[in-house]
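Visitor: For reference, this is data09.cif, and it has mmCIF, C-alpha atoms.
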```
data_protein
loop_
_atom_site.label_atom_id
_atom_site.label_comp_id
_atom_site.auth_asym_id
_atom_site.auth_seq_id
_atom_site.Cartn_x
_atom_site.Cartn_y
_atom_site.Cartn_z
CA MET A 11 0.00 0.00 0.00
CA ILE A 12 2.71 2.44 0.98
CA LEU A 13 4.81 1.45 -2.00
CA GLN A 14 1.86 2.05 -4.27
CA SER A 15 1.36 5.53 -2.82
CA VAL A 16 5.08 6.23 -3.24
CA ASP A 17 4.74 5.27 -6.91
CA PHE A 18 1.82 7.63 -7.25
CA ILE A 19 3.84 10.47 -5.74
CA GLN A 20 6.66 9.59 -8.14
CA VAL A 21 4.27 9.91 -11.11
CA ILE A 22 3.12 13.33 -9.92
CA ALA A 23 6.74 14.37 -9.33
CA ASP A 24 7.64 13.26 -12.87
CA ILE A 25 4.81 15.31 -14.35
CA VAL A 26 5.74 18.38 -12.33
CA ALA A 27 9.40 17.90 -13.26
CA ALA A 28 8.48 17.70 -16.95
CA ILE A 29 6.53 20.96 -16.73
CA LEU A 30 9.32 22.65 -14.83
CA ASN A 31 11.96 21.46 -17.28
CA THR A 32 9.90 22.78 -20.20
CA LEU A 33 9.35 26.20 -18.67
CA ASN A 34 12.73 26.38 -16.97
CA LEU A 35 14.47 27.87 -19.95
CA PHE A 36 12.13 30.83 -20.17
CA VAL A 37 10.97 31.44 -16.66
CA LYS A 38 13.89 30.41 -14.46
CA PRO A 39 16.12 33.37 -15.44
CA LEU A 40 13.29 35.69 -14.56
CA GLY A 41 12.81 33.82 -11.29
CA LEU A 42 16.51 34.18 -10.51
CA PHE A 43 16.34 37.92 -11.12
CA MET A 44 13.31 38.11 -8.86
CA ILE A 45 15.07 36.18 -6.13
CA SER A 46 18.13 38.41 -6.30
CA TRP A 47 16.20 41.64 -5.72
CA MET A 48 13.90 40.02 -3.15
CA GLU A 49 16.81 38.75 -1.10
CA TYR A 50 18.26 42.22 -1.16
CA VAL A 51 14.96 43.85 -0.14
CA LEU A 52 14.21 41.32 2.60
CA GLN A 53 17.38 42.35 4.45
CA PHE A 54 15.54 45.56 5.39
CA PHE A 55 12.44 43.80 6.68
CA PRO A 56 12.50 43.39 10.46
CA ARG A 57 12.50 39.79 11.69
CA ASN A 58 10.93 38.66 14.97
CA ASN A 59 8.94 41.89 15.31
CA LEU A 60 5.39 41.58 14.08
CA THR A 61 4.33 44.91 15.65
CA VAL A 62 6.05 46.86 12.85
CA TYR A 63 4.00 45.02 10.23
CA ILE A 64 0.80 45.49 12.20
CA ILE A 65 1.47 49.24 12.47
CA ILE A 66 2.31 49.51 8.76
CA ALA A 67 -0.89 47.59 7.86
CA ILE A 68 -3.02 49.81 10.11
CA VAL A 69 -1.40 52.95 8.66
CA ILE A 70 -2.07 51.76 5.10
CA VAL A 71 -5.73 50.96 5.92
CA ILE A 72 -6.28 54.32 7.64
CA LEU A 73 -4.53 56.08 4.78
CA GLY A 74 -6.80 54.21 2.36
CA LEU A 75 -9.86 55.27 4.34
CA ILE A 76 -8.79 58.92 4.44
CA VAL A 77 -7.88 58.99 0.77
CA ASN A 78 -11.21 57.41 -0.16
CA ILE A 79 -13.15 59.84 1.98
CA ILE A 80 -11.37 62.87 0.51
CA TRP A 81 -11.06 61.61 -3.06
CA PRO A 82 -13.79 59.01 -3.67
CA GLY A 83 -13.24 59.26 -7.41
CA ASN A 84 -16.75 60.38 -8.25
CA LYS A 85 -15.86 64.05 -8.30
CA LYS A 86 -15.25 65.47 -11.71
CA PRO A 87 -11.78 66.86 -12.38
CA GLY A 88 -11.33 70.61 -12.79
CA PHE A 89 -10.81 70.61 -16.53
CA LEU A 90 -14.02 68.63 -17.10
CA VAL A 91 -15.94 70.90 -14.72
CA LYS A 92 -14.68 73.93 -16.63
CA ALA A 93 -15.56 72.32 -19.94
CA GLU A 94 -19.02 71.53 -18.60
CA GLU A 95 -19.42 75.06 -17.31
CA VAL A 96 -18.49 76.40 -20.73
CA GLU A 97 -20.92 73.96 -22.36
CA GLU A 98 -23.63 74.97 -19.91
CA LYS A 99 -22.96 78.64 -20.60
CA ILE A 100 -23.11 78.03 -24.32
CA GLU A 101 -26.32 76.04 -23.91
CA LYS A 102 -27.81 78.74 -21.71
CA LYS A 103 -26.83 81.42 -24.19
CA ALA A 104 -28.22 79.39 -27.03
CA GLU A 105 -31.43 78.86 -25.06
CA ALA A 106 -31.60 82.57 -24.23
CA LEU A 107 -31.02 83.45 -27.86
CA ASP A 108 -33.65 80.94 -28.92
CA GLN A 109 -36.03 82.41 -26.40
CA LYS A 110 -35.26 85.94 -27.56
CA LEU A 111 -35.67 84.93 -31.15
CA GLY A 112 -38.91 83.17 -30.26
CA ASP A 113 -40.16 86.22 -28.40
CA LYS A 114 -39.18 88.50 -31.22
CA ALA A 115 -40.78 86.20 -33.73
CA ARG A 116 -43.92 86.17 -31.62
CA GLU A 117 -43.84 89.95 -31.31
CA LEU A 118 -43.33 90.27 -35.03
CA ASP A 119 -46.16 87.83 -35.66
CA GLU A 120 -48.38 89.79 -33.34
CA LYS A 121 -47.35 93.04 -35.01
CA ALA A 122 -47.91 91.51 -38.41
CA GLU A 123 -51.33 90.33 -37.30
CA VAL A 124 -52.11 93.79 -35.96
CA LEU A 125 -50.83 95.35 -39.17
CA GLU A 126 -52.86 92.92 -41.22
CA GLU A 127 -55.91 93.79 -39.17
CA ASP A 128 -55.12 97.49 -39.60
CA ALA A 129 -54.60 96.98 -43.30
CA GLU A 130 -57.92 95.19 -43.54
CA GLU A 131 -59.58 97.98 -41.58
CA LEU A 132 -57.91 100.56 -43.77
CA LYS A 133 -59.01 98.65 -46.83
CA GLU A 134 -62.52 98.59 -45.51
CA LYS A 135 -62.31 102.27 -44.66
CA ALA A 136 -60.88 103.01 -48.09
CA GLU A 137 -63.67 101.06 -49.66
CA GLU A 138 -66.18 102.92 -47.51
CA LEU A 139 -64.51 106.21 -48.41
CA GLU A 140 -64.56 105.28 -52.05
CA GLU A 141 -68.20 104.47 -51.74
CA GLU A 142 -68.79 107.73 -49.89
CA ALA A 143 -66.76 109.61 -52.49
CA GLU A 144 -68.79 108.01 -55.22
CA GLU A 145 -71.96 108.93 -53.39
CA LEU A 146 -70.64 112.45 -52.88
CA GLU A 147 -69.69 112.66 -56.51
CA GLU A 148 -73.15 111.53 -57.44
CA GLU A 149 -74.63 114.04 -55.03
CA ALA A 150 -72.33 116.76 -56.40
CA GLU A 151 -73.43 115.89 -59.89
CA GLU A 152 -77.00 116.02 -58.80
CA LEU A 153 -76.35 119.33 -57.07
CA GLU A 154 -74.62 120.65 -60.16
CA GLU A 155 -77.57 119.58 -62.22
CA GLU A 156 -79.89 121.16 -59.71
CA ALA A 157 -77.76 124.32 -59.72
CA GLU A 158 -77.86 124.37 -63.47
CA GLU A 159 -81.59 123.92 -63.36
CA LEU A 160 -81.83 126.68 -60.77
CA GLU A 161 -79.65 128.93 -62.88
CA GLU A 162 -81.84 128.22 -65.83
CA LYS A 163 -84.88 128.94 -63.71
CA ALA A 164 -83.23 132.11 -62.42
CA GLU A 165 -82.46 133.16 -65.92
CA GLU A 166 -86.03 132.42 -66.89
CA LEU A 167 -87.22 134.32 -63.88
CA GLU A 168 -84.95 137.20 -64.78
CA GLU A 169 -86.32 137.10 -68.24
CA ASP A 170 -89.84 137.03 -66.81
CA ILE A 171 -88.94 139.91 -64.53
CA ASN A 172 -87.54 141.81 -67.43
CA GLU A 173 -90.63 141.09 -69.40
CA LEU A 174 -92.75 142.05 -66.44
CA GLU A 175 -90.78 145.26 -66.00
CA GLU A 176 -91.17 145.93 -69.62
CA ASN A 177 -94.88 145.21 -69.27
CA ILE A 178 -95.01 147.47 -66.24
CA GLU A 179 -93.25 150.15 -68.13
CA GLU A 180 -95.63 149.69 -70.97
CA LEU A 181 -98.50 149.69 -68.57
CA GLU A 182 -97.14 152.79 -66.91
CA ASP A 183 -96.78 154.35 -70.31
CA ASP A 184 -100.33 153.30 -71.10
CA LEU A 185 -101.41 154.62 -67.77
CA GLU A 186 -99.71 157.89 -68.41
CA GLU A 187 -101.27 158.04 -71.80
CA LEU A 188 -104.59 157.21 -70.30
CA GLU A 189 -104.11 159.80 -67.60
CA GLU A 190 -103.15 162.30 -70.22
CA GLU A 191 -106.16 161.31 -72.21
CA ALA A 192 -108.26 161.57 -69.11
CA THR A 193 -106.90 164.99 -68.26
CA GLU A 194 -107.41 166.02 -71.78
CA LYS A 195 -110.93 164.75 -71.61
CA ASP A 196 -111.44 166.50 -68.33
CA GLU A 197 -110.08 169.68 -69.72
CA SER A 198 -112.29 169.42 -72.74
CA LYS A 199 -115.23 168.72 -70.52
CA THR A 200 -114.51 171.71 -68.43
CA SER A 201 -113.98 173.83 -71.37
CA LYS A 202 -117.27 172.66 -72.78
CA THR A 203 -119.02 173.37 -69.62
CA GLU A 204 -117.43 176.69 -69.44
CA ASP A 205 -118.49 177.28 -72.99
CA ASP A 206 -121.88 176.27 -72.17
CA MET B 13 -19.29 54.35 -6.89
CA GLY B 14 -19.16 56.67 -3.89
CA ARG B 15 -16.82 56.69 -0.94
CA ILE B 16 -18.89 54.23 1.10
CA GLY B 17 -19.05 51.82 -1.83
CA ASN B 18 -15.30 52.06 -2.34
CA ILE B 19 -14.60 51.40 1.34
CA ILE B 20 -16.98 48.42 1.44
CA LYS B 21 -15.33 47.00 -1.68
CA GLY B 22 -11.91 47.48 -0.07
CA ILE B 23 -13.03 45.81 3.15
CA ILE B 24 -14.44 42.82 1.25
CA TYR B 25 -11.20 42.33 -0.68
CA MET B 26 -9.15 42.84 2.47
CA GLY B 27 -11.21 40.07 4.08
CA VAL B 28 -10.57 37.81 1.09
CA TYR B 29 -6.81 38.45 1.27
CA ILE B 30 -6.72 37.94 5.05
CA THR B 31 -8.42 34.59 4.51
CA THR B 32 -6.21 33.46 1.63
CA THR B 33 -2.85 34.80 2.79
CA MET B 34 -3.15 34.40 6.54
CA VAL B 35 -6.01 32.24 7.81
CA ILE B 36 -5.81 29.38 5.31
CA PRO B 37 -1.96 29.10 5.37
CA PHE B 38 -1.98 29.36 9.15
CA LEU B 39 -4.57 26.59 9.48
CA THR B 40 -2.80 24.50 6.82
CA PHE B 41 0.59 24.68 8.47
CA THR B 42 -0.89 24.05 11.89
CA TRP B 43 -2.71 21.04 10.48
CA VAL B 44 0.30 19.84 8.48
CA ARG B 45 2.66 20.05 11.48
CA GLU B 46 1.30 16.92 13.02
CA LEU B 47 -0.17 15.33 9.93
CA SER B 48 0.44 11.73 9.12
CA ILE B 49 -0.65 10.37 5.74
CA LEU B 50 -0.90 6.60 5.61
CA GLY B 51 1.59 6.40 8.41
CA VAL B 52 3.96 8.86 6.79
CA ASP B 53 4.66 11.80 9.13
CA ILE B 54 5.38 15.26 7.77
CA VAL B 55 8.15 16.69 9.85
CA LEU B 56 7.91 20.37 10.67
CA THR B 57 9.92 21.61 13.62
CA GLN B 58 8.61 24.16 16.09
CA HIS B 59 11.17 26.70 14.87
CA ASP B 60 10.20 26.23 11.23
CA TYR B 61 6.56 26.47 12.14
CA GLU B 62 7.03 29.70 14.08
CA ASN B 63 9.20 31.15 11.34
CA ILE B 64 6.63 30.35 8.66
CA ILE B 65 3.75 31.69 10.73
CA PHE B 66 5.69 34.91 11.40
CA TRP B 67 6.34 35.61 7.74
CA ILE B 68 2.81 34.57 6.76
CA SER B 69 1.40 36.98 9.33
CA ALA B 70 3.81 39.79 8.42
CA PHE B 71 3.33 39.70 4.68
CA GLY B 72 -0.30 38.67 5.00
CA LEU B 73 -0.99 41.86 6.94
CA LEU B 74 0.84 44.04 4.41
CA ILE B 75 -0.84 42.33 1.46
CA SER B 76 -4.29 42.63 3.03
CA ALA B 77 -3.75 46.31 3.84
CA THR B 78 -2.52 47.09 0.32
CA ALA B 79 -5.44 45.06 -1.07
CA PHE B 80 -7.78 47.34 0.86
CA PHE B 81 -6.10 50.41 -0.63
CA ASN B 82 -5.97 48.86 -4.08
CA TYR B 83 -9.58 47.66 -4.30
CA SER B 84 -11.07 50.74 -2.63
CA ALA B 85 -9.41 53.01 -5.19
CA PRO B 86 -11.38 54.09 -8.28
CA LYS B 87 -10.98 52.05 -11.42
CA GLN B 88 -7.97 52.95 -13.59
CA SER B 89 -6.72 55.50 -11.06
CA ILE B 90 -3.03 56.09 -10.48
CA ARG B 91 -3.31 55.15 -6.81
CA LYS B 92 -4.95 51.86 -7.78
CA GLY B 93 -2.14 51.13 -10.24
CA THR B 94 0.50 52.02 -7.67
CA PHE B 95 -0.96 49.87 -4.93
CA ALA B 96 -1.67 47.00 -7.31
CA LEU B 97 2.04 47.02 -8.17
CA ILE B 98 3.03 47.22 -4.50
CA GLN B 99 0.64 44.37 -3.76
CA ILE B 100 2.22 42.19 -6.43
CA LEU B 101 5.70 42.94 -5.10
CA LEU B 102 4.56 42.04 -1.60
CA ASN B 103 2.99 38.88 -2.97
CA CYS B 104 6.38 37.93 -4.42
CA LEU B 105 8.02 38.52 -1.07
CA TYR B 106 5.25 36.53 0.59
CA ILE B 107 5.79 33.60 -1.74
CA TRP B 108 9.53 33.87 -1.31
CA SER B 109 9.11 33.92 2.46
CA TYR B 110 7.85 30.34 2.20
CA LYS B 111 11.19 29.43 0.71
CA PHE B 112 13.53 31.09 3.13
CA SER B 113 11.42 30.11 6.13
CA GLY B 114 11.88 26.48 5.15
CA ALA B 115 8.34 25.75 4.07
CA THR B 116 9.43 24.78 0.57
CA GLU B 117 11.36 21.84 1.88
CA ILE B 118 8.76 19.44 3.15
CA ARG B 119 10.11 16.23 4.55
CA PHE B 120 8.12 13.04 4.65
CA GLU B 121 9.30 10.51 7.16
CA ILE B 122 8.33 6.98 6.43
CA VAL B 123 7.68 5.12 9.64
CA PHE B 124 6.40 1.63 10.00
CA GLN B 125 4.98 0.30 13.20
CA ILE B 126 8.11 -1.71 13.89
CA ALA B 127 10.92 0.28 12.33
CA ASN B 128 11.72 3.64 10.76
CA ILE B 129 12.49 2.89 7.10
CA GLY B 130 13.69 6.35 6.02
CA PHE B 131 12.38 9.66 4.69
CA ILE B 132 11.47 11.47 1.45
CA SER B 133 12.36 15.12 1.15
CA ILE B 134 10.59 17.19 -1.51
CA ASN B 135 12.36 20.34 -2.47
CA ILE B 136 9.94 22.63 -4.25
CA GLN B 137 12.40 25.44 -4.79
CA ASN B 138 12.24 25.00 -8.54
CA MET B 139 8.49 25.36 -8.42
CA VAL B 140 8.89 28.54 -6.44
CA MET B 141 11.37 29.78 -9.01
CA LEU B 142 8.85 29.07 -11.74
CA TYR B 143 6.21 30.87 -9.76
CA MET B 144 8.53 33.83 -9.37
CA GLY B 145 9.08 33.92 -13.12
CA VAL B 146 5.32 34.08 -13.62
CA TYR B 147 5.14 36.80 -10.99
CA PHE B 148 7.79 38.77 -12.86
CA LEU B 149 5.49 38.83 -15.88
CA THR B 150 2.63 39.95 -13.64
CA ILE B 151 4.82 42.76 -12.28
CA VAL B 152 5.61 43.84 -15.83
CA LEU B 153 1.87 43.89 -16.60
CA LYS B 154 1.05 45.90 -13.49
CA GLY B 155 3.91 48.29 -14.26
CA TYR B 156 2.50 48.75 -17.75
CA ASP B 157 -0.97 49.40 -16.23
CA LEU B 158 0.47 52.07 -13.97
CA PHE B 159 2.36 53.62 -16.86
CA ASP B 160 -0.85 53.58 -18.92
CA PHE B 161 -2.89 55.15 -16.11
CA VAL B 162 -0.34 57.94 -15.70
CA LEU B 163 0.04 58.63 -19.41
CA ASN B 164 -3.66 58.43 -20.30
CA ARG B 165 -4.92 60.04 -17.10
CA LYS B 166 -6.86 62.73 -18.89
CA SER B 167 -8.63 60.44 -21.35
CA ILE B 168 -9.39 57.89 -18.59
CA ARG B 169 -10.97 60.60 -16.47
CA GLU B 170 -12.93 61.95 -19.41
CA LYS B 171 -14.19 58.44 -20.15
CA ARG B 172 -15.03 57.84 -16.50
CA TYR B 173 -17.10 60.97 -16.04
CA LYS B 174 -18.91 61.00 -19.33
CA THR B 175 -22.20 59.18 -19.86
CA ILE B 176 -20.86 56.75 -22.38
CA PRO B 177 -21.18 52.94 -21.95
CA GLY B 178 -18.40 51.67 -19.69
CA GLY B 179 -17.52 55.18 -18.68
CA ASN B 180 -18.86 55.00 -15.17
CA ASP B 181 -16.65 54.24 -12.25
CA LEU B 182 -18.28 50.98 -11.12
#
```
Can you give me the file's structure in the form of structure tokens?
Guide:
Amino acid sequence: MILQSVDFIQVIADIVAAILNTLNLFVKPLGLFMISWMEYVLQFFPRNNLTVYIIIAIVIVILGLIVNIIWPGNKKPGFLVKAEEVEEKIEKKAEALDQKLGDKARELDEKAEVLEEDAEELKEKAEELEEEAEELEEEAEELEEEAEELEEKAEELEEDINELEENIEELEDDLEELEEEATEKDESKTSKTEDD
Amino acid sequence: MGRIGNIIKGIIYMGVYITTTMVIPFLTFTWVRELSILGVDIVLTQHDYENIIFWISAFGLLISATAFFNYSAPKQSIRKGTFALIQILLNCLYIWSYKFSGATEIRFEIVFQIANIGFISINIQNMVMLYMGVYFLTIVLKGYDLFDFVLNRKSIREKRYKTIPGGNDL
């Protein structure tokens, strides 16, 4: 039983030896270099005094805690913060400009609407005025016609007056003639009577 | 991840390293000291045992503390790179401490009930050498990481703080 187990160990040892022999060429020189510097470094490590190691370990852990509390790594570095600030400023300015443009566009729209309304009103007024002007023109024409008619009537009346004056004058002349005739007749009568 | 998250992460990893570099080796060597497999005793003197336990405790403490610092640091930060490198170097020393404390030379003593036949001594120094070679490559990698973190600090930080996939410090 023991011999069997020794054989088994021998098999394992052979396998391990084969692996080591294969890798020896490449890795052993590196291992030798490692050992040389480690042996040098280990001279400075205190032996038989575990307290030093405990203190160093505690210091490292406390240092780690402090460093993690102060610099947890989730705070953005200064250059990124500045870049973000600049981006934010640009965005804000762009937003402000957009807003201003929007406001101005709205104002202009409103003004345009008002102007359109005014223009429509003015058009309506102009149309009304045109209509009124036409009416006035028509009225003026009518008045002119009426004036002409009145002038004609006045002329006619003047003519009638003239005729009437002429008639009056004629009548006056007739009257005078008649009066003269009458006086003459009266005088003749008186003379007759006197003669008689 | 905030400061509390970082600290919890560091504590968890410190616990893992305390277990793997101190508790398990301590229990193993304590158990191995008086172990007998199929009647074969593993000889480990009191001096060797104390020496091994001292170095395990010493380097185990340093490794665990640096692990706390390393794993509580933000991803791809310079302090993480620095402490990862220190941790690897301490790991090398820890592994090497097994060698110079005598733990790499395990001696099996074959004892029968009637007579002591002899002993088998396994020298695993070559294995440790191989392990050291592998560790050298790891150190080179960690050194490269640190170099990368220092050189590309700005771009790493930009990536970390921008809302792009994989950019968060998780």
Visitor: Which residue gives the smallest distance to chain B among A:Ile29, A:Leu60, A:Ile19, A:Ile76, with only C-alpha atoms counted?
Guide: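 Using only C-alpha atoms, chain B sits closest to A:Leu60.
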Visitor: Might you pull out every residue within 6 Å of B:Leu74, with all atoms listed in the file counted and same-chain residues fewer than 3 positions away left off, and present them as an MDAnalysis selection string?
Guide: (chainID A and resid 67) or (chainID B and resid 71 77)
Visitor: Please check the contacts: residues of chain B at most 6 Å away from chain A, using all atoms listed in the file, listed as a ChimeraX atom specification.
Guide: /B:14-15,70,73-74,77,81,86,141-142,144-145
Visitor: So that I have them on file, write out the residues from the current selection with C-alpha atoms, as a PDB file, in the frame of the given file.
Guide:
```pdb
ATOM      1  CA  GLY B  14     -19.160  56.670  -3.890  1.00  0.00           C
ATOM      2  CA  ARG B  15     -16.820  56.690  -0.940  1.00  0.00           C
ATOM      3  CA  ALA B  70       3.810  39.790   8.420  1.00  0.00           C
ATOM      4  CA  LEU B  73      -0.990  41.860   6.940  1.00  0.00           C
ATOM      5  CA  LEU B  74       0.840  44.040   4.410  1.00  0.00           C
ATOM      6  CA  ALA B  77      -3.750  46.310   3.840  1.00  0.00           C
ATOM      7  CA  PHE B  81      -6.100  50.410  -0.630  1.00  0.00           C
ATOM      8  CA  PRO B  86     -11.380  54.090  -8.280  1.00  0.00           C
ATOM      9  CA  MET B 141      11.370  29.780  -9.010  1.00  0.00           C
ATOM     10  CA  LEU B 142       8.850  29.070 -11.740  1.00  0.00           C
ATOM     11  CA  MET B 144       8.530  33.830  -9.370  1.00  0.00           C
ATOM     12  CA  GLY B 145       9.080  33.920 -13.120  1.00  0.00           C
TER      13      GLY B 145
END
```
Visitor: Taking the file as shown, what set of residues would the PyMOL selection byres ((chain B and resi 151) around 10) give back, as number ranges by chain?
Guide: B: 96-101, 104, 145-150, 152-157
Visitor: Evaluated on this file, the PyMOL selection byres ((chain B and resi 63-69) around 7) picks out some residues - which ones are they, written as a PDB file with C-alpha atoms, keeping the file's coordinate frame?
Guide:
```
ATOM      1  CA  THR B  33      -2.850  34.800   2.790  1.00  0.00           C
ATOM      2  CA  MET B  34      -3.150  34.400   6.540  1.00  0.00           C
ATOM      3  CA  PHE B  38      -1.980  29.360   9.150  1.00  0.00           C
ATOM      4  CA  HIS B  59      11.170  26.700  14.870  1.00  0.00           C
ATOM      5  CA  ASP B  60      10.200  26.230  11.230  1.00  0.00           C
ATOM      6  CA  TYR B  61       6.560  26.470  12.140  1.00  0.00           C
ATOM      7  CA  GLU B  62       7.030  29.700  14.080  1.00  0.00           C
ATOM      8  CA  ALA B  70       3.810  39.790   8.420  1.00  0.00           C
ATOM      9  CA  PHE B  71       3.330  39.700   4.680  1.00  0.00           C
ATOM     10  CA  GLY B  72      -0.300  38.670   5.000  1.00  0.00           C
ATOM     11  CA  LEU B  73      -0.990  41.860   6.940  1.00  0.00           C
ATOM     12  CA  TYR B 106       5.250  36.530   0.590  1.00  0.00           C
ATOM     13  CA  SER B 109       9.110  33.920   2.460  1.00  0.00           C
ATOM     14  CA  TYR B 110       7.850  30.340   2.200  1.00  0.00           C
ATOM     15  CA  SER B 113      11.420  30.110   6.130  1.00  0.00           C
ATOM     16  CA  ALA B 115       8.340  25.750   4.070  1.00  0.00           C
TER      17      ALA B 115
END
```
